[in-house]
file final_23.pdb (PDB, C-alpha atoms and all ligand atoms)
MODEL        1
ATOM      1  CA  MET N 167      28.467   3.242  20.976
ATOM      2  CA  LYS N 168      24.872   3.719  19.771
ATOM      3  CA  ALA N 169      23.521   2.869  23.239
ATOM      4  CA  LEU N 170      25.935   5.360  24.826
ATOM      5  CA  THR N 171      24.907   8.121  22.424
ATOM      6  CA  LEU N 172      21.235   7.459  23.137
ATOM      7  CA  LYS N 173      21.892   7.538  26.885
ATOM      8  CA  ALA N 174      23.774  10.820  26.602
ATOM      9  CA  LEU N 175      20.999  12.364  24.505
ATOM     10  CA  GLU N 176      18.433  11.203  27.016
ATOM     11  CA  ALA N 177      20.402  12.676  29.907
ATOM     12  CA  LEU N 178      20.541  15.977  28.045
ATOM     13  CA  ARG N 179      16.815  15.700  27.252
ATOM     14  CA  LEU N 180      17.679  15.772  23.597
ATOM     15  CA  LEU N 181      16.490  12.290  22.689
ATOM     16  CA  ASP N 182      12.998  13.283  21.505
ATOM     17  CA  PRO N 183      14.196  16.277  19.442
ATOM     18  CA  ALA N 184      16.955  14.093  17.939
ATOM     19  CA  ARG N 185      14.438  11.383  17.051
ATOM     20  CA  SER N 186      12.111  13.902  15.485
ATOM     21  CA  LEU N 187      14.951  15.408  13.439
ATOM     22  CA  TYR N 188      16.049  11.959  12.278
ATOM     23  CA  GLY N 189      12.422  11.217  11.311
ATOM     24  CA  GLN N 190      12.313  14.395   9.206
ATOM     25  CA  PHE N 191      15.580  13.480   7.500
ATOM     26  CA  LYS N 192      14.311   9.975   6.807
ATOM     27  CA  ALA N 193      10.934  11.132   5.446
ATOM     28  CA  ASN N 194      12.745  13.498   3.114
ATOM     29  CA  GLY N 195      15.010  10.809   1.718
ATOM     30  CA  LEU N 196      18.190  12.028   3.417
ATOM     31  CA  THR N 197      18.976   8.804   5.290
ATOM     32  CA  PRO N 198      19.074   5.168   4.120
ATOM     33  CA  TRP N 199      15.668   3.544   3.537
ATOM     34  CA  SER N 200      14.967  -0.178   3.879
ATOM     35  CA  PRO N 201      12.475  -1.703   1.430
ATOM     36  CA  LEU N 202       9.100  -2.357   3.056
ATOM     37  CA  VAL N 203       8.302  -5.433   0.964
ATOM     38  CA  PRO N 204      10.734  -8.260   0.059
ATOM     39  CA  GLU N 205      11.689  -7.047  -3.406
ATOM     40  CA  GLY N 206      12.465 -10.275  -5.260
ATOM     41  CA  ALA N 207       9.483 -12.180  -3.866
ATOM     42  CA  PHE N 208       7.059  -9.298  -4.441
ATOM     43  CA  LEU N 209       8.183  -8.881  -8.034
ATOM     44  CA  GLU N 210       7.698 -12.619  -8.675
ATOM     45  CA  CYS N 211       4.245 -12.478  -7.134
ATOM     46  CA  ALA N 212       3.291  -9.409  -9.184
ATOM     47  CA  LEU N 213       4.486 -11.124 -12.365
ATOM     48  CA  SER N 214       2.541 -14.315 -11.662
ATOM     49  CA  SER N 215      -0.622 -12.324 -10.843
ATOM     50  CA  ILE N 216      -0.385 -10.426 -14.112
ATOM     51  CA  ALA N 217       0.265 -13.707 -15.948
ATOM     52  CA  LEU N 218      -2.853 -15.235 -14.367
ATOM     53  CA  LEU N 219      -5.042 -12.335 -15.499
ATOM     54  CA  ARG N 220      -3.447 -12.382 -18.949
ATOM     55  CA  GLU N 221      -4.134 -16.094 -19.388
ATOM     56  CA  ARG N 222      -7.792 -15.419 -18.602
ATOM     57  CA  GLY N 223      -7.939 -12.837 -21.390
ATOM     58  CA  HIS N 224      -8.374 -10.006 -18.872
ATOM     59  CA  LYS N 225      -8.554  -6.454 -20.182
ATOM     60  CA  PHE N 226      -6.359  -4.446 -17.820
ATOM     61  CA  GLY N 227      -7.511  -1.470 -15.789
ATOM     62  CA  ASP N 228      -5.551   0.504 -13.197
ATOM     63  CA  TYR N 229      -3.197  -0.539 -10.410
ATOM     64  CA  LEU N 230      -4.453   0.908  -7.123
ATOM     65  CA  GLU N 231      -2.141   1.090  -4.124
ATOM     66  CA  PHE N 232      -3.357   2.086  -0.677
ATOM     67  CA  GLY N 233      -0.189   2.826   1.341
ATOM     68  CA  VAL N 234       2.676   3.952  -0.873
ATOM     69  CA  SER N 235       5.270   5.275   1.593
ATOM     70  CA  ARG N 236       8.625   5.553  -0.246
ATOM     71  CA  GLY N 237       7.326   3.407  -3.120
ATOM     72  CA  THR N 238       8.985  -0.029  -2.981
ATOM     73  CA  SER N 239       5.911  -2.006  -4.038
ATOM     74  CA  MET N 240       4.801   0.689  -6.497
ATOM     75  CA  ALA N 241       8.167   0.576  -8.304
ATOM     76  CA  LEU N 242       8.123  -3.234  -8.408
ATOM     77  CA  MET N 243       4.575  -3.360  -9.765
ATOM     78  CA  ALA N 244       5.551  -0.782 -12.400
ATOM     79  CA  LYS N 245       8.408  -3.041 -13.449
ATOM     80  CA  ALA N 246       6.210  -6.148 -13.555
ATOM     81  CA  LEU N 247       3.639  -4.349 -15.722
ATOM     82  CA  SER N 248       6.359  -3.070 -18.047
ATOM     83  CA  ASP N 249       7.698  -6.618 -18.400
ATOM     84  CA  PHE N 250       4.283  -7.563 -19.806
ATOM     85  CA  GLN N 251       4.207  -4.510 -22.101
ATOM     86  CA  LEU N 252       1.497  -3.056 -19.893
ATOM     87  CA  SER N 253       3.147   0.309 -19.275
ATOM     88  CA  ALA N 254      -0.112   2.042 -20.187
ATOM     89  CA  VAL N 255      -1.713   0.756 -16.974
ATOM     90  CA  ARG N 256      -1.965   3.684 -14.581
ATOM     91  CA  LEU N 257      -0.287   3.463 -11.175
ATOM     92  CA  ILE N 258      -2.554   5.200  -8.681
ATOM     93  CA  GLY N 259      -1.279   5.559  -5.129
ATOM     94  CA  PHE N 260      -3.062   6.850  -2.036
ATOM     95  CA  ASP N 261      -1.131   7.873   1.056
ATOM     96  CA  SER N 262      -1.151  10.485   3.786
ATOM     97  CA  PHE N 263       2.571  11.022   3.118
ATOM     98  CA  GLU N 264       2.556  11.672   6.882
ATOM     99  CA  GLY N 265       3.005   8.043   7.902
ATOM    100  CA  MET N 266       0.517   6.143  10.036
ATOM    101  CA  ALA N 267      -2.378   8.150  11.480
ATOM    102  CA  LYS N 268      -2.417   9.583  15.020
ATOM    103  CA  ASP N 269      -4.982   7.015  16.135
ATOM    104  CA  ALA N 270      -3.197   4.046  14.512
ATOM    105  CA  TYR N 271      -1.868   3.078  17.973
ATOM    106  CA  LEU N 272      -5.419   1.953  18.807
ATOM    107  CA  GLU N 273      -4.985  -0.728  16.139
ATOM    108  CA  GLY N 274      -1.439  -1.751  17.090
ATOM    109  CA  TRP N 275       0.588   0.587  14.830
ATOM    110  CA  ARG N 276       2.846   3.522  15.642
ATOM    111  CA  PRO N 277       1.677   6.969  14.466
ATOM    112  CA  GLY N 278       4.034   8.539  11.923
ATOM    113  CA  ASP N 279       5.713   5.254  10.964
ATOM    114  CA  PHE N 280       6.757   4.761   7.325
ATOM    115  CA  ARG N 281       6.508   8.473   6.611
ATOM    116  CA  SER N 282       7.919   9.522   3.277
ATOM    117  CA  THR N 283       7.233  12.907   1.760
ATOM    118  CA  GLN N 284       5.534  12.929  -1.630
ATOM    119  CA  ARG N 285       8.613  14.582  -3.050
ATOM    120  CA  ALA N 286      10.969  11.883  -1.720
ATOM    121  CA  THR N 287       8.616   9.202  -3.070
ATOM    122  CA  LEU N 288       8.512  10.795  -6.517
ATOM    123  CA  ALA N 289      12.309  10.997  -6.527
ATOM    124  CA  TYR N 290      12.580   7.336  -5.503
ATOM    125  CA  LEU N 291      10.119   6.230  -8.196
ATOM    126  CA  ALA N 292      11.914   8.289 -10.835
ATOM    127  CA  SER N 293      15.232   6.727  -9.788
ATOM    128  CA  HIS N 294      13.603   3.319 -10.359
ATOM    129  CA  GLY N 295      12.561   4.203 -13.871
ATOM    130  CA  VAL N 296       8.877   4.922 -13.197
ATOM    131  CA  ALA N 297       7.839   7.634 -15.621
ATOM    132  CA  GLU N 298       5.775  10.354 -13.961
ATOM    133  CA  HIS N 299       3.047  10.190 -16.609
ATOM    134  CA  ARG N 300       2.167   6.647 -15.422
ATOM    135  CA  LEU N 301       1.621   7.887 -11.873
ATOM    136  CA  ARG N 302      -1.166   9.547  -9.911
ATOM    137  CA  LEU N 303      -0.417  10.120  -6.224
ATOM    138  CA  VAL N 304      -3.308  11.199  -4.022
ATOM    139  CA  LYS N 305      -2.083  12.759  -0.780
ATOM    140  CA  GLY N 306      -4.242  12.738   2.346
ATOM    141  CA  TRP N 307      -6.002  10.652   4.971
ATOM    142  CA  PHE N 308      -8.207   7.959   3.486
ATOM    143  CA  ASN N 309     -11.318   9.113   5.327
ATOM    144  CA  GLU N 310     -10.944  12.389   3.410
ATOM    145  CA  THR N 311      -9.521  11.274   0.061
ATOM    146  CA  LEU N 312     -11.342   8.028  -0.733
ATOM    147  CA  THR N 313     -14.430   9.796  -2.010
ATOM    148  CA  GLU N 314     -16.625   9.858  -5.082
ATOM    149  CA  GLU N 315     -15.089  13.216  -5.928
ATOM    150  CA  THR N 316     -11.624  11.599  -6.039
ATOM    151  CA  ARG N 317     -12.993   8.740  -8.097
ATOM    152  CA  GLY N 318     -14.389  11.247 -10.579
ATOM    153  CA  SER N 319     -11.273  13.387 -10.754
ATOM    154  CA  LEU N 320      -9.125  10.302 -11.405
ATOM    155  CA  GLY N 321     -11.600   8.987 -13.963
ATOM    156  CA  LEU N 322     -11.427   5.715 -12.080
ATOM    157  CA  GLN N 323     -13.395   2.945 -13.712
ATOM    158  CA  LYS N 324     -11.672  -0.371 -13.493
ATOM    159  CA  ALA N 325      -8.883  -1.773 -11.317
ATOM    160  CA  SER N 326      -7.049  -5.003 -12.058
ATOM    161  CA  LEU N 327      -4.386  -5.049  -9.350
ATOM    162  CA  ILE N 328      -4.972  -3.687  -5.858
ATOM    163  CA  MET N 329      -2.361  -3.416  -3.117
ATOM    164  CA  ILE N 330      -3.700  -2.875   0.395
ATOM    165  CA  ASP N 331      -0.614  -1.840   2.339
ATOM    166  CA  CYS N 332      -1.909   0.653   4.881
ATOM    167  CA  ASP N 333      -1.385  -1.886   7.659
ATOM    168  CA  ALA N 334      -4.203  -1.144  10.091
ATOM    169  CA  HIS N 335      -7.809  -2.361  10.044
ATOM    170  CA  THR N 336      -9.683   0.940   9.580
ATOM    171  CA  PRO N 337      -7.763   2.307   6.566
ATOM    172  CA  SER N 338      -7.710  -1.176   4.983
ATOM    173  CA  ARG N 339     -11.488  -1.414   5.274
ATOM    174  CA  LEU N 340     -11.887   2.090   3.796
ATOM    175  CA  ALA N 341      -9.582   1.124   0.931
ATOM    176  CA  LEU N 342     -11.581  -2.033   0.161
ATOM    177  CA  THR N 343     -14.872  -0.132   0.150
ATOM    178  CA  PHE N 344     -13.412   2.462  -2.215
ATOM    179  CA  ALA N 345     -11.823  -0.142  -4.511
ATOM    180  CA  CYS N 346     -15.010  -2.216  -4.673
ATOM    181  CA  ARG N 347     -16.709  -0.115  -7.355
ATOM    182  CA  SER N 348     -13.643  -0.525  -9.572
ATOM    183  CA  LEU N 349     -13.736  -4.279  -9.242
ATOM    184  CA  VAL N 350     -15.567  -4.657 -12.521
ATOM    185  CA  ASP N 351     -14.898  -8.266 -13.510
ATOM    186  CA  GLU N 352     -11.870  -9.547 -11.602
ATOM    187  CA  ALA N 353      -8.729  -8.322  -9.873
ATOM    188  CA  VAL N 354      -5.834  -9.553  -7.805
ATOM    189  CA  ILE N 355      -5.756  -8.047  -4.312
ATOM    190  CA  PHE N 356      -2.550  -8.051  -2.259
ATOM    191  CA  PHE N 357      -2.645  -7.607   1.516
ATOM    192  CA  ASP N 358       0.759  -6.896   3.013
ATOM    193  CA  ASP N 359      -0.218  -6.998   6.673
ATOM    194  CA  TRP N 360      -2.434 -10.006   7.200
ATOM    195  CA  GLY N 361      -2.657 -11.065  10.831
ATOM    196  CA  TRP N 362       0.156  -8.799  12.133
ATOM    197  CA  THR N 363      -1.920  -7.792  15.158
ATOM    198  CA  GLU N 364      -3.693 -11.125  15.639
ATOM    199  CA  ALA N 365      -1.514 -12.189  18.584
ATOM    200  CA  ASP N 366      -2.670  -9.042  20.412
ATOM    201  CA  GLN N 367      -6.283  -9.809  19.478
ATOM    202  CA  ILE N 368      -6.548  -6.602  17.481
ATOM    203  CA  ALA N 369      -8.573  -6.714  14.267
ATOM    204  CA  GLY N 370      -6.476  -6.154  11.146
ATOM    205  CA  GLN N 371      -6.610  -6.767   7.405
ATOM    206  CA  LYS N 372      -7.924 -10.302   7.827
ATOM    207  CA  GLU N 373     -11.051  -9.022   9.563
ATOM    208  CA  ALA N 374     -11.356  -6.107   7.123
ATOM    209  CA  PHE N 375     -11.426  -8.508   4.160
ATOM    210  CA  ALA N 376     -13.864 -10.874   5.908
ATOM    211  CA  SER N 377     -16.355  -8.070   6.570
ATOM    212  CA  PHE N 378     -15.861  -6.715   3.018
ATOM    213  CA  LEU N 379     -16.638 -10.126   1.496
ATOM    214  CA  GLY N 380     -19.615 -10.467   3.855
ATOM    215  CA  GLU N 381     -21.001  -7.191   2.524
ATOM    216  CA  ASN N 382     -20.295  -8.153  -1.085
ATOM    217  CA  PRO N 383     -21.498 -11.717  -1.582
ATOM    218  CA  HIS N 384     -21.164 -11.325  -5.370
ATOM    219  CA  LEU N 385     -17.360 -11.436  -4.941
ATOM    220  CA  ARG N 386     -15.558 -14.768  -4.826
ATOM    221  CA  ALA N 387     -12.011 -14.798  -3.440
ATOM    222  CA  ILE N 388      -9.508 -17.511  -4.325
ATOM    223  CA  GLU N 389      -6.249 -17.482  -2.402
ATOM    224  CA  LEU N 390      -3.044 -17.403  -4.462
ATOM    225  CA  ALA N 391       0.575 -18.008  -3.478
ATOM    226  CA  SER N 392       1.914 -15.098  -1.446
ATOM    227  CA  TYR N 393       5.273 -13.317  -1.319
ATOM    228  CA  ARG N 394       5.844 -13.605   2.430
ATOM    229  CA  PRO N 395       4.167 -15.312   5.385
ATOM    230  CA  GLU N 396       2.504 -12.117   6.680
ATOM    231  CA  ALA N 397       0.969 -11.260   3.321
ATOM    232  CA  LYS N 398      -2.037 -12.735   1.496
ATOM    233  CA  VAL N 399      -2.938 -12.536  -2.163
ATOM    234  CA  PHE N 400      -6.385 -13.247  -3.618
ATOM    235  CA  HIS N 401      -7.852 -13.526  -7.076
ATOM    236  CA  VAL N 402     -11.241 -11.858  -6.634
ATOM    237  CA  ILE N 403     -13.957 -12.538  -9.183
ATOM    238  CA  ASN N 404     -17.153 -10.568  -9.587
ATOM    239  CA  THR N 405     -19.761 -13.307 -10.087
ATOM    240  CA  SER N 406     -22.585 -10.856 -10.764
ATOM    241  CA  ILE N 407     -21.573 -10.137 -14.343
TER     242      ILE N 407
HETATM  243  C1  LIG N 501       3.890   0.047   5.295
HETATM  244  S1  LIG N 501       3.675   1.571   4.510
HETATM  245  C2  LIG N 501       3.455   1.190   2.803
HETATM  246  C3  LIG N 501       4.648   0.532   2.188
HETATM  247  C4  LIG N 501       4.729   0.567   0.685
HETATM  248  N1  LIG N 501       3.671  -0.151   0.033
HETATM  249  C5  LIG N 501       6.082   0.087   0.220
HETATM  250  O1  LIG N 501       6.167  -0.968  -0.428
HETATM  251  O2  LIG N 501       7.064   0.756   0.522
HETATM  252  C6  LIG N 501       2.062   2.032   5.021
HETATM  253  C7  LIG N 501       1.618   3.370   4.458
HETATM  254  O3  LIG N 501       0.219   3.522   4.676
HETATM  255  C8  LIG N 501      -0.058   4.885   4.888
HETATM  256  N2  LIG N 501      -1.307   5.005   5.659
HETATM  257  C9  LIG N 501      -1.673   4.263   6.733
HETATM  258  N3  LIG N 501      -2.875   4.662   7.195
HETATM  259  C10 LIG N 501      -3.297   5.667   6.380
HETATM  260  C11 LIG N 501      -4.477   6.473   6.320
HETATM  261  N4  LIG N 501      -5.455   6.344   7.215
HETATM  262  N5  LIG N 501      -4.576   7.417   5.346
HETATM  263  C12 LIG N 501      -3.562   7.566   4.444
HETATM  264  N6  LIG N 501      -2.437   6.820   4.438
HETATM  265  C13 LIG N 501      -2.290   5.882   5.394
HETATM  266  C14 LIG N 501       1.143   5.413   5.668
HETATM  267  O4  LIG N 501       1.334   6.785   5.443
HETATM  268  C15 LIG N 501       2.293   4.572   5.109
HETATM  269  O5  LIG N 501       3.026   5.287   4.155
ENDMDL
END
call {"tool": "encode", "arguments": {"input": "final_23.pdb", "output": "structure tokens", "more": "lines below"}}
Ligand SMILES: C[S@@+](CC[C@H](N)C(=O)[O-])C[C@H]1O[C@@H](n2cnc3c(N)ncnc32)[C@H](O)[C@@H]1O
result
Amino acid sequence: MKALTLKALEALRLLDPARSLYGQFKANGLTPWSPLVPEGAFLECALSSIALLRERGHKFGDYLEFGVSRGTSMALMAKALSDFQLSAVRLIGFDSFEGMAKDAYLEGWRPGDFRSTQRATLAYLASHGVAEHRLRLVKGWFNETLTEETRGSLGLQKASLIMIDCDAHTPSRLALTFACRSLVDEAVIFFDDWGWTEADQIAGQKEAFASFLGENPHLRAIELASYRPEAKVFHVINTSI
């Protein structure tokens, strides 16, 4: 039935407009949305990362998330932090809220994918019990938003948990560079898209992290258990302090 409908739309040259309309509906939260991280496994991983930092006597700074989309991982991290009575930790999310960038196809990703409007994301987070006062959402393309001005306006000093979920190599590298100054003593960094484009020999998060560590030899990364095969999680320690 679905194939027939698509064929008919194509014959009537209505397939592209129909797809675009469906995309708008989806971005605005008017159609079903599938979680973009495995919920149970991500929550477990978030809890064990927080427990690790707690055991080390860590003083918690912010949660930074690069690639928020509808907010699955943001809501789960909020829950994990609340479970540890760490609801005062700020949840700071950066996203275009336009989906993947126009040039993302050069790095193996489809422009516009995962688009959620900021409004739909806020509604989703509210429906998952995330109080708005815990949240800061920064809308825009990373090459424009990940600046010292943004750092200042957010009063960003220290990050303890960092989620790099913007999929492609270039935004992931920008995110790491921006997060670096907030890596005061130690943090757990989650990469959701490790090696996705490796089979096509396209650089991705793996290469972004390797070049980041190469540029920052004072950082030591210890791999932790992950929440799915395509993700990697590292405990990163600043050895210069
Ligand atoms: C896979 S989704 C994030 C999923 C999210 N963490 C979750 O659990 O639902 C990737 C997100 O990265 C964002 N993104 C990718 N490249 C970007 C860039 N250059 N600037 C801003 N946002 C970007 C996209 O808009 C998209 O929402």
call {"tool": "closest_residue", "arguments": {"input": "final_23.pdb", "among": "N:Thr363, N:Ser282, N:Glu310, N:Ala177", "to": "Glu396 of chain N", "atoms": "only C-alpha atoms"}}
result
N:Thr363
call {"tool": "residues_near_ligand", "arguments": {"input": "final_23.pdb", "ligand": "ligand LIG 501 (chain N)", "cutoff": "9 Å", "atoms": "all atoms listed in the file", "output": "count of residues only"}}
result
54
call {"tool": "closest_residue", "arguments": {"input": "final_23.pdb", "among": "N:Phe400, N:Lys173, N:Arg386, N:Gln371", "to": "Glu273 of chain N", "atoms": "only C-alpha atoms"}}
result
N:Gln371
call {"tool": "residues_around", "arguments": {"input": "final_23.pdb", "residues": "Leu390 of chain N", "least_positions_apart": "6", "cutoff": "8 Å", "atoms": "all atoms listed in the file", "output": "PyMOL selection string"}}
result
chain N and resi 398-401
call {"tool": "resolve_selection", "arguments": {"input": "final_23.pdb", "expression": "the PyMOL selection byres (((chain N and resi 299) around 10) and not hetatm)", "output": "number ranges by chain"}}
result
N: 254, 256-257, 296-298, 300-302
call {"tool": "closest_residue", "arguments": {"input": "final_23.pdb", "among": "N:Gly295, N:Gly206, N:Pro198, N:Gly361", "to": "Glu373 of chain N", "atoms": "all atoms listed in the file"}}
result
N:Gly361
call {"tool": "closest_residue", "arguments": {"input": "final_23.pdb", "among": "N:Glu315, N:Glu210, N:Asp182, N:Asp249", "to": "Arg394 of chain N", "atoms": "all atoms listed in the file"}}
result
N:Glu210
call {"tool": "axis_aligned_box", "arguments": {"input": "final_23.pdb", "around": "segment 356-370 of chain N", "padding_each_side": "3 Å", "output": "AutoDock Vina command-line options"}}
result
--center_x -3.9 --center_y -9.2 --center_z 9.1 --size_x 15.3 --size_y 12.0 --size_z 28.7
call {"tool": "residues_around", "arguments": {"input": "final_23.pdb", "residues": "Arg222 of chain N", "least_positions_apart": "4", "cutoff": "12 Å", "atoms": "all atoms listed in the file", "output": "list in words"}}
result
Ser215, Ile216, Ala217, Leu218, Phe226, Asp351, Glu352, Ala353, His401 and Ile403 of chain N
call {"tool": "write_last_selection", "arguments": {"input": "final_23.pdb", "atoms": "C-alpha atoms", "output": "short mmCIF file (atom, residue, chain, number, x, y, z; two decimals), in the frame of the given file"}}
result
data_model
loop_
_atom_site.label_atom_id
_atom_site.label_comp_id
_atom_site.auth_asym_id
_atom_site.auth_seq_id
_atom_site.Cartn_x
_atom_site.Cartn_y
_atom_site.Cartn_z
CA SER N 215 -0.62 -12.32 -10.84
CA ILE N 216 -0.38 -10.43 -14.11
CA ALA N 217 0.26 -13.71 -15.95
CA LEU N 218 -2.85 -15.24 -14.37
CA PHE N 226 -6.36 -4.45 -17.82
CA ASP N 351 -14.90 -8.27 -13.51
CA GLU N 352 -11.87 -9.55 -11.60
CA ALA N 353 -8.73 -8.32 -9.87
CA HIS N 401 -7.85 -13.53 -7.08
CA ILE N 403 -13.96 -12.54 -9.18
#
call {"tool": "closest_residue", "arguments": {"input": "final_23.pdb", "among": "N:Leu349, N:Ala341, N:Phe250, N:Gly321", "to": "Glu221 of chain N", "atoms": "all atoms listed in the file"}}
result
N:Phe250
call {"tool": "closest_residue", "arguments": {"input": "final_23.pdb", "among": "N:Ala193, N:Val354, N:Ala345, N:Leu187", "to": "Arg220 of chain N", "atoms": "only C-alpha atoms"}}
result
N:Val354
call {"tool": "build_atoms", "arguments": {"input": "final_23.pdb", "residues": "segment 301-315 of chain N", "atoms": "N, CA and C atoms", "output": "mmCIF file, keeping the file's coordinate frame"}}
result
data_model
loop_
_atom_site.group_PDB
_atom_site.id
_atom_site.type_symbol
_atom_site.label_atom_id
_atom_site.label_comp_id
_atom_site.auth_asym_id
_atom_site.auth_seq_id
_atom_site.Cartn_x
_atom_site.Cartn_y
_atom_site.Cartn_z
ATOM 1 N N LEU N 301 1.951 7.788 -13.295
ATOM 2 C CA LEU N 301 1.621 7.887 -11.873
ATOM 3 C C LEU N 301 0.541 8.899 -11.532
ATOM 4 N N ARG N 302 -0.285 8.554 -10.546
ATOM 5 C CA ARG N 302 -1.166 9.547 -9.911
ATOM 6 C C ARG N 302 -1.014 9.312 -8.410
ATOM 7 N N LEU N 303 -0.516 10.278 -7.676
ATOM 8 C CA LEU N 303 -0.417 10.120 -6.224
ATOM 9 C C LEU N 303 -1.443 11.026 -5.564
ATOM 10 N N VAL N 304 -2.269 10.430 -4.711
ATOM 11 C CA VAL N 304 -3.308 11.199 -4.022
ATOM 12 C C VAL N 304 -2.893 11.317 -2.561
ATOM 13 N N LYS N 305 -2.575 12.539 -2.146
ATOM 14 C CA LYS N 305 -2.083 12.759 -0.780
ATOM 15 C C LYS N 305 -3.237 13.075 0.169
ATOM 16 N N GLY N 306 -3.249 12.408 1.313
ATOM 17 C CA GLY N 306 -4.242 12.738 2.346
ATOM 18 C C GLY N 306 -4.693 11.499 3.090
ATOM 19 N N TRP N 307 -5.463 11.758 4.160
ATOM 20 C CA TRP N 307 -6.002 10.652 4.971
ATOM 21 C C TRP N 307 -7.162 10.004 4.243
ATOM 22 N N PHE N 308 -7.213 8.687 4.292
ATOM 23 C CA PHE N 308 -8.207 7.959 3.486
ATOM 24 C C PHE N 308 -9.641 8.391 3.771
ATOM 25 N N ASN N 309 -9.925 8.723 5.048
ATOM 26 C CA ASN N 309 -11.318 9.113 5.327
ATOM 27 C C ASN N 309 -11.677 10.428 4.633
ATOM 28 N N GLU N 310 -10.672 11.141 4.135
ATOM 29 C CA GLU N 310 -10.944 12.389 3.410
ATOM 30 C C GLU N 310 -10.741 12.247 1.906
ATOM 31 N N THR N 311 -9.851 11.338 1.501
ATOM 32 C CA THR N 311 -9.521 11.274 0.061
ATOM 33 C C THR N 311 -10.278 10.186 -0.705
ATOM 34 N N LEU N 312 -10.705 9.139 0.002
ATOM 35 C CA LEU N 312 -11.342 8.028 -0.733
ATOM 36 C C LEU N 312 -12.826 8.345 -0.923
ATOM 37 N N THR N 313 -13.079 9.274 -1.812
ATOM 38 C CA THR N 313 -14.430 9.796 -2.010
ATOM 39 C C THR N 313 -14.844 9.658 -3.476
ATOM 40 N N GLU N 314 -16.117 9.901 -3.698
ATOM 41 C CA GLU N 314 -16.625 9.858 -5.082
ATOM 42 C C GLU N 314 -16.004 10.984 -5.909
ATOM 43 N N GLU N 315 -15.723 12.086 -5.229
ATOM 44 C CA GLU N 315 -15.089 13.216 -5.928
ATOM 45 C C GLU N 315 -13.714 12.789 -6.466
#
